[in-house]
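Trainee: Have a look at this one before I ask anything.
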Amino acid sequence: MSVHFNHTIVHARDNRESAEFFAGLLGLEITAEWGPFVAVALAGGVTLDFATVPEEHITPQHYAFLVSEEEFDAAYARIVERGIEHYADPHRKQPGTINHNDGGRGVYFMDPVGHAMELITVPYGGWPS
């Protein structure tokens, strides 16, 4: 069986604001807008479909993205340039820095509605041998 992840819906106060935040930070494109959704394309045909919902219905989620070293450099430069609070750890006890877990680099930050975003250059546990 071949199962591929296609899309997920990300709740937002303002779908365009959240989509532009995410796409701008990672150098991605907004690919479509229909109904309550603004889609940002990831690799492999996957999209994040940002949807405007009432704020009281937004439950903060965690989204982690595996990126190349070059993509990490570019995104981290934007995080610093924009003054976005960021942390080396998910508990936000190491502010203003990154981690070097599993021989790579990682950073945590919040999106405009409080979703925890994570960028890593090496998957948890390291690359398979």
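Ligands are numbered from 1 in the order shown, residues from 1 within each chain, and chains are lettered A, B, ... in the order they appear in the structure tokens.
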List as a PyMOL selection string the protein and nucleic acid residues near Tyr63 in chain A, meaning an atom at most 7 Å away when only C-alpha atoms are counted, but skip any in the same chain fewer than 2 places from it.
Mentor: chain A and resi 61+65+116-118
Trainee: Keeping only N, CA, C and O atoms, write the selected residues as a JSON list (two decimals), in the first residue's frame.
Mentor:
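The resulting file, out_5.json, is shown below:
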```json
[["chain", "number", "residue", "atom", "x", "y", "z"],
["A", 61, "GLN", "N", -1.65, 23.89, 17.99],
["A", 61, "GLN", "CA", -1.09, 22.62, 17.55],
["A", 61, "GLN", "C", 0.43, 22.78, 17.39],
["A", 61, "GLN", "O", 0.96, 23.88, 17.46],
["A", 65, "PHE", "N", 8.82, 20.76, 10.68],
["A", 65, "PHE", "CA", 9.19, 20.69, 9.28],
["A", 65, "PHE", "C", 10.67, 20.34, 9.15],
["A", 65, "PHE", "O", 11.52, 20.98, 9.76],
["A", 116, "ALA", "N", 2.72, 26.12, 17.64],
["A", 116, "ALA", "CA", 4.15, 25.93, 17.82],
["A", 116, "ALA", "C", 4.74, 25.36, 16.54],
["A", 116, "ALA", "O", 4.35, 24.29, 16.08],
["A", 117, "MET", "N", 5.67, 26.10, 15.95],
["A", 117, "MET", "CA", 6.32, 25.68, 14.72],
["A", 117, "MET", "C", 7.75, 25.26, 15.05],
["A", 117, "MET", "O", 8.41, 25.84, 15.90],
["A", 118, "GLU", "N", 8.21, 24.23, 14.36],
["A", 118, "GLU", "CA", 9.56, 23.71, 14.58],
["A", 118, "GLU", "C", 10.21, 23.46, 13.23],
["A", 118, "GLU", "O", 9.59, 22.87, 12.34]]
```
Trainee: For His7 in chain A, list every protein, DNA or RNA residue within 8 Å, evaluated using only C-alpha atoms, and leave out those in the same chain fewer than 3 positions away; present the list as a ChimeraX atom specification.
Mentor: /A:46-49
Trainee: Please save C-alpha atoms of the selected residues as a PDB file, in the first residue's frame.
Mentor:
```pdb
ATOM      1  CA  VAL A  46       1.392  18.485   0.352  1.00  0.00           C
ATOM      2  CA  THR A  47      -0.422  21.680   1.297  1.00  0.00           C
ATOM      3  CA  LEU A  48      -1.153  23.491   4.524  1.00  0.00           C
ATOM      4  CA  ASP A  49      -4.654  24.878   4.114  1.00  0.00           C
TER       5      ASP A  49
END
```
Trainee: Which of these, A:Pro112, A:Pro54, A:Gly103, A:Gly24, has the shortest distance to Pro36 in chain A once you count only C-alpha atoms?
Mentor: A:Pro54
Trainee: Residues near Arg105 in chain A, anyone? I mean within 8 Å using only C-alpha atoms, not counting same-chain ones fewer than 5 positions away, as a PyMOL selection string.
Mentor: chain A and resi 98-100+120-122
Trainee: Out of range 39-118 of chain A, which residues get strand (DSSP E) from DSSP, as a list of chain:residue names?
Mentor: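 Output for range 39-118 of chain A, strand (DSSP E) only: A:Ala39, A:Val40, A:Ala41, A:Thr47, A:Leu48, A:Asp49, A:Phe50, A:Ala51, A:Thr52, A:His62, A:Tyr63, A:Ala64, A:Phe65, A:Leu66, A:His86, A:Tyr87, A:Gly106, A:Val107, A:Tyr108, A:Phe109, A:Met110, A:Ala116, A:Met117, A:Glu118.
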Trainee: Which is closest to Ile30 in chain A among A:Gly96, A:Glu70, A:Gly44, A:Asn15, if we use only C-alpha atoms?
Mentor: A:Asn15
Trainee: Counting only C-alpha atoms, which residue out of A:Val40, A:Pro123, A:Met110, A:His57 sits closest to Gly83 in chain A?
Mentor: A:Met110
Trainee: Hey, which of A:Ala23, A:Ile9, A:Val80, A:Val107 ends up closest to Thr52 in chain A? Count only C-alpha atoms.
Mentor: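 Using only C-alpha atoms, Thr52 in chain A sits closest to A:Ile9.
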Trainee: Please list as a list in words every residue within 10 Å of Val53 in chain A, counting only C-alpha atoms and excluding residues in the same chain fewer than 2 positions away.
Mentor: Val10, His11, Ala12, Arg13, Asp14, Asn15, Pro36, Phe50, Ala51, Glu55, Glu56, His57 and Ile58 of chain A
Trainee: Go through chain A and collect every residue that DSSP, computed from the backbone, puts in alpha helix (DSSP H); the answer should be as a ChimeraX atom specification.
Mentor: /A:15-26,69-81
Trainee: Restricting the calculation to only C-alpha atoms: of A:Ala77, A:Ser18, A:Leu66, A:Phe72, which residue gets closest to His115 in chain A?
Mentor: A:Ser18
